[in-house]
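These notes concern the structure reproduced below.
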Amino acid sequence: MRRSFRLLLTGSVLMCAPAWAQSQQDQRPIAAEDEQGDAIVVTGYGRTDQPTAATGLPLSPLETPQTISVITRQQIDDQAFNSINDALDFTVGISKKDVDRGRSSISSRGFEVQNFQLDGAPFVNGNVGFGETSTAQYERVDLVRGAAGLMQGAGDPSAVVNLIRKHATEREFAGYVSLEAGSWNRFAATVDIQSPLNSAGTVRARAVAQAFTQDGFVNLEKRKGLLLYGVIDADLGERTTLSVGASYQRDERDGIMWAQLPYWYSDGTRTDWPRSKTTGTDWGHWNTTEISAFATLAHELGGGWHIRGDVGYHKGLEDSKLLWLEGMPDRVTGAGMGTYGYWFNANPEQWHGSIQANGPFTLFGREHDLAVGAMASRIDGGWTNRDPIDLEPMTDFNSFDGTQIAAPEWGDRYISDHGNTTQAAVYASTRLSLADGLKLIAGGRLSYTKRNELGATPDIADYSVTSKGIFTPYLGLIYNFTDNVSAYASYTSIFKPQTYFRDRNGDFLDPVEGSSYEVGLKALLLDGKLLATASVYRIEQDNLAVTDPGFLVPGTAMPAYIGAKGVVAKGYELEVVGKITQQWDISAGWSDYSAKDADGVDVLNFQPRRAFNLSTKYAFTGALDGLSLGGAVKWESRPPVTAENPGTGLETRIGQPAYAIANIMARYDLTEALSLQLNIDNLFNKRFYSGNGWFPGFVYGEPRNARVILKYRL
């Protein structure tokens, strides 16, 4: 089997290597161009036999009883993805919907993806979230679809997104500088350098810096940002390694659009706004800062056993002065829209610590694997607000361009929400070799969660929600028909305290509970260079949060929710990834699912039920050596979301009709060090929109745009 994996990896791609599941040697991203000796070195589109984020065991994708995807550094560079959400948007089984012009919602199998990890350490996604962070600081993005309660703890049966940071891998000075120019006055510069800090190269440093500025296709919108990232990787001995690093990302958004565009006029006729139409103002802004720090100590114990400890810190800062519009305007006069102003301020903090060990053991004459670990985390969050004193009304939204409503005076700042969440868990998993070709994976997690909600005003009492001794089982069975073909089945339970969704009375919803089942086939094709996966799944849930139409959480602009009973989501996914030939990389997949409650009513209905994704690149040789051509295609079906038409009173579908987006890229190596790349997104200028089910509103997707990138390798 080792030979098959090596064939898959040669010229292919690096797969997920979570911080808690491998040695420091495995942790360092591999970036060489070919295979040297017995070392596995990979590039392009595909997978490796690195450990995955599903079980904590050092299992390859072929040996893992869940569906796994990866967005490699090569794919990120080829498609010029600027943010994590941009990259996820073209990943098999993932749907990206813009909530507004500052945030996006990512879903898998219909459920929102809220489980994020940094180098394998779980962190809670914030208001803007990790999805909007720059891709410049990451080596790749690992994605395990389905429930991952064993390693993640409480969470949704959607997916776990593991962001793998860049590390200092080179023992000689290396790096690159790139300059980018594009549509809507986009200009960006990136520097990524690494160097040894001693003559032996046992202590190495890497630094990444990126700055950009850009206007938007939406009126008034202007953005600029700065990213700084640094890491030191040190070999403290032959068996011990240490990594210490930190990052800072600042994004400033002026004239940003928060509220969505109305779908209907008040008489029930369909609106037809230009894509540049805004609900923002010339005095509005939405500024965020993300600060992270981490340290990892790993030691090889011998006999194939490894132990690893991680500590991490993350702080998010948000200052947002925004206008919220609600209602449906008159088709002739533009009257009828309500205006609300908010000046939010938030600075949530997270701390995380974990320790994990894994290795082999022998029992009944067969070799097996075991992983054990423990983790603890604390999140302090909440936000404050200031209300406008003299906000002007909206008299005519039809002609509104963001300048007609003057900046108001603001009242005193007050606490809107304040609380903290503490989590702790111990877990273990094992892979038992039952017979030749037959493996059983079994594990369990014992979790503790406590949410303290602190009263925002003297009239609101403090209260706590505690979940003790919650056990999350995990079972998986894998059978290898041959070295290159395997079948699998897996099961895990679902438990998620709901510390975000509130009902119309302001109370948190009861925890989500349920089960997740998955079966599938995986096969290595074309002498191991292409991995094909087919999976079928069923998810059962109670208390799934769905919007309570017409109600807001008291004292906020947030929609109220109710807990749906007897929710069943089921579907299938198909995926192929790797190389068709030595020069031709491909990643393609199809997903199809349904999600209904106990009464057969569609839930999660603003998500498309079917989707197709394709990313590919061909590197020419011979007379065209140095030229690469490629692109990406995304197709989505129409989601079943409906709303009551204000003119007819009938429930009417309001989701974006089925559509496809095509991107293309071309790169030419001018010299061995210098390359020029062109990317055109939304090539055919498809006009499309998305929403998140808050009310009959929508946000336009980006029109056709182009970028040119000049890159010089040092």
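Labels for the structure tokens follow display order: chains A, B, ..., residues from 1 in each chain, ligands from 1.
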
Write out as a PDB file with N, CA and C atoms, in the first residue's frame the residues lying within 12 Å of Leu714 in chain A, counting only C-alpha atoms and excluding same-chain residues fewer than 6 positions away.
ATOM      1  N   GLU A 172      17.866  27.108   3.887  1.00  0.00           N
ATOM      2  CA  GLU A 172      18.534  28.189   3.180  1.00  0.00           C
ATOM      3  C   GLU A 172      17.518  29.301   2.941  1.00  0.00           C
ATOM      4  N   PHE A 173      18.020  30.516   2.700  1.00  0.00           N
ATOM      5  CA  PHE A 173      17.129  31.646   2.465  1.00  0.00           C
ATOM      6  C   PHE A 173      16.258  31.384   1.233  1.00  0.00           C
ATOM      7  N   ALA A 174      14.958  31.619   1.338  1.00  0.00           N
ATOM      8  CA  ALA A 174      14.025  31.400   0.232  1.00  0.00           C
ATOM      9  C   ALA A 174      12.805  32.288   0.432  1.00  0.00           C
ATOM     10  N   GLY A 175      12.015  32.406  -0.620  1.00  0.00           N
ATOM     11  CA  GLY A 175      10.791  33.192  -0.507  1.00  0.00           C
ATOM     12  C   GLY A 175      10.360  33.757  -1.837  1.00  0.00           C
ATOM     13  N   TYR A 176       9.402  34.678  -1.791  1.00  0.00           N
ATOM     14  CA  TYR A 176       8.934  35.326  -3.013  1.00  0.00           C
ATOM     15  C   TYR A 176       8.338  36.686  -2.685  1.00  0.00           C
ATOM     16  N   VAL A 177       8.218  37.504  -3.739  1.00  0.00           N
ATOM     17  CA  VAL A 177       7.545  38.795  -3.679  1.00  0.00           C
ATOM     18  C   VAL A 177       6.551  38.832  -4.824  1.00  0.00           C
ATOM     19  N   SER A 178       5.331  39.292  -4.566  1.00  0.00           N
ATOM     20  CA  SER A 178       4.339  39.386  -5.640  1.00  0.00           C
ATOM     21  C   SER A 178       3.638  40.736  -5.591  1.00  0.00           C
ATOM     22  N   VAL A 191       4.842  39.617   0.527  1.00  0.00           N
ATOM     23  CA  VAL A 191       6.216  39.166   0.722  1.00  0.00           C
ATOM     24  C   VAL A 191       6.174  37.950   1.634  1.00  0.00           C
ATOM     25  N   ASP A 192       6.830  36.863   1.230  1.00  0.00           N
ATOM     26  CA  ASP A 192       6.895  35.630   2.014  1.00  0.00           C
ATOM     27  C   ASP A 192       8.341  35.149   1.981  1.00  0.00           C
ATOM     28  N   ILE A 193       9.052  35.263   3.107  1.00  0.00           N
ATOM     29  CA  ILE A 193      10.460  34.876   3.147  1.00  0.00           C
ATOM     30  C   ILE A 193      10.717  33.978   4.350  1.00  0.00           C
ATOM     31  N   GLN A 194      11.683  33.084   4.212  1.00  0.00           N
ATOM     32  CA  GLN A 194      12.101  32.241   5.319  1.00  0.00           C
ATOM     33  C   GLN A 194      13.612  32.045   5.253  1.00  0.00           C
ATOM     34  N   SER A 195      14.185  31.840   6.445  1.00  0.00           N
ATOM     35  CA  SER A 195      15.640  31.765   6.533  1.00  0.00           C
ATOM     36  C   SER A 195      16.046  31.011   7.782  1.00  0.00           C
ATOM     37  N   GLU A 672      13.087  31.475 -14.779  1.00  0.00           N
ATOM     38  CA  GLU A 672      12.929  30.478 -13.728  1.00  0.00           C
ATOM     39  C   GLU A 672      12.397  31.101 -12.445  1.00  0.00           C
ATOM     40  N   ALA A 673      12.656  32.395 -12.242  1.00  0.00           N
ATOM     41  CA  ALA A 673      12.249  33.060 -11.002  1.00  0.00           C
ATOM     42  C   ALA A 673      11.023  33.949 -11.166  1.00  0.00           C
ATOM     43  N   LEU A 674      10.760  34.445 -12.372  1.00  0.00           N
ATOM     44  CA  LEU A 674       9.728  35.462 -12.584  1.00  0.00           C
ATOM     45  C   LEU A 674       8.570  34.887 -13.384  1.00  0.00           C
TER      46      LEU A 674
END

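Near Phe187 in chain A, within a cut-off of 10 Å and counting only C-alpha atoms, sit the residues A:Leu179, A:Glu180, A:Ala181, A:Gly182, A:Ser183, A:Trp184, A:Asn185, A:Ala189, A:Ala211, A:Phe212, A:Thr213, A:Gln214, A:Asp215, A:Lys224, A:Arg707, A:Val708, A:Ile709, with same-chain residues fewer than 2 positions away left out.
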
Please write the residues from the selection above to a file, keeping C-alpha atoms, as a tab-separated table (two decimals), in the first residue's frame.
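What landed in again.tsv:
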chain	number	residue	atom	x	y	z
A	179	LEU	CA	2.51	42.44	-6.94
A	180	GLU	CA	-1.16	42.37	-7.96
A	181	ALA	CA	-3.42	44.78	-9.83
A	182	GLY	CA	-7.05	44.21	-10.69
A	183	SER	CA	-10.59	45.43	-11.23
A	184	TRP	CA	-12.14	48.08	-8.99
A	185	ASN	CA	-8.73	49.62	-8.32
A	189	ALA	CA	1.67	43.32	-2.48
A	211	ALA	CA	-1.15	44.81	2.10
A	212	PHE	CA	-4.01	45.65	-0.26
A	213	THR	CA	-6.48	48.33	-1.18
A	214	GLN	CA	-9.61	47.94	-3.29
A	215	ASP	CA	-12.86	49.64	-4.22
A	224	LYS	CA	-7.87	48.10	2.65
A	707	ARG	CA	-6.37	40.42	-11.79
A	708	VAL	CA	-2.78	40.38	-12.97
A	709	ILE	CA	-0.08	39.00	-10.63

task: Find the spatial neighbours of Phe90 in chain A, counting only C-alpha atoms, within a cut-off of 9 Å - ignore same-chain residues fewer than 5 positions away - and output them as a ChimeraX atom specification.
output: /A:95-96,613-615,632-634

message: At a cut-off of 9 Å, using only C-alpha atoms, what residues contact Ala205 in chain A? Leave out same-chain residues fewer than 2 positions from it and give the result as an NGL selection string.
response: :A and (167-170 or 193-197 or 203 or 207 or 230-234)

Take the residues from that selection and write them out as a PDB file, in the first residue's frame, keeping C-alpha atoms.
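Output below, filename again.pdb:
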ATOM      1  CA  HIS A 167       6.052  27.068   8.682  1.00  0.00           C
ATOM      2  CA  ALA A 168       9.768  27.623   8.247  1.00  0.00           C
ATOM      3  CA  THR A 169      10.854  24.515   6.331  1.00  0.00           C
ATOM      4  CA  GLU A 170      13.883  25.762   4.412  1.00  0.00           C
ATOM      5  CA  ILE A 193      10.460  34.876   3.147  1.00  0.00           C
ATOM      6  CA  GLN A 194      12.101  32.241   5.319  1.00  0.00           C
ATOM      7  CA  SER A 195      15.640  31.765   6.533  1.00  0.00           C
ATOM      8  CA  PRO A 196      17.727  29.705   8.973  1.00  0.00           C
ATOM      9  CA  LEU A 197      18.765  31.570  12.115  1.00  0.00           C
ATOM     10  CA  VAL A 203      16.363  27.168  14.069  1.00  0.00           C
ATOM     11  CA  ALA A 207       7.646  35.966   7.821  1.00  0.00           C
ATOM     12  CA  GLY A 230       5.701  35.215  11.672  1.00  0.00           C
ATOM     13  CA  VAL A 231       6.821  31.820  12.957  1.00  0.00           C
ATOM     14  CA  ILE A 232       9.995  30.286  14.371  1.00  0.00           C
ATOM     15  CA  ASP A 233      10.514  26.532  14.039  1.00  0.00           C
ATOM     16  CA  ALA A 234      13.311  24.979  16.101  1.00  0.00           C
TER      17      ALA A 234
END

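Of the listed residues A:Gly563, A:Gly476, A:Pro696, A:Gly110, the one whose atoms come nearest to Leu438 in chain A is A:Gly476, with distances taken using only C-alpha atoms.
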
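Neighbours of range 602-604 of chain A closer than or equal to 8 Å, with only C-alpha atoms counted and sequence neighbours fewer than 3 positions away skipped, come out as A:Gly110, A:Phe111, A:Val546, A:Val567, A:Ser594, A:Ala595, A:Lys596, A:Asp597, A:Gln607, A:Pro640.
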
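Remark: for Leu62 in chain A, the closest of the candidate residues A:Leu524, A:Leu143, A:Leu323, A:Ile94 is A:Leu524 (distances computed over only C-alpha atoms).
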
message: Please determine, counting only C-alpha atoms, which residue among A:Asp625, A:Leu363, A:Ala569, A:Ser247 has the shortest atom-to-atom distance to Gly600 in chain A.
response: A:Ala569
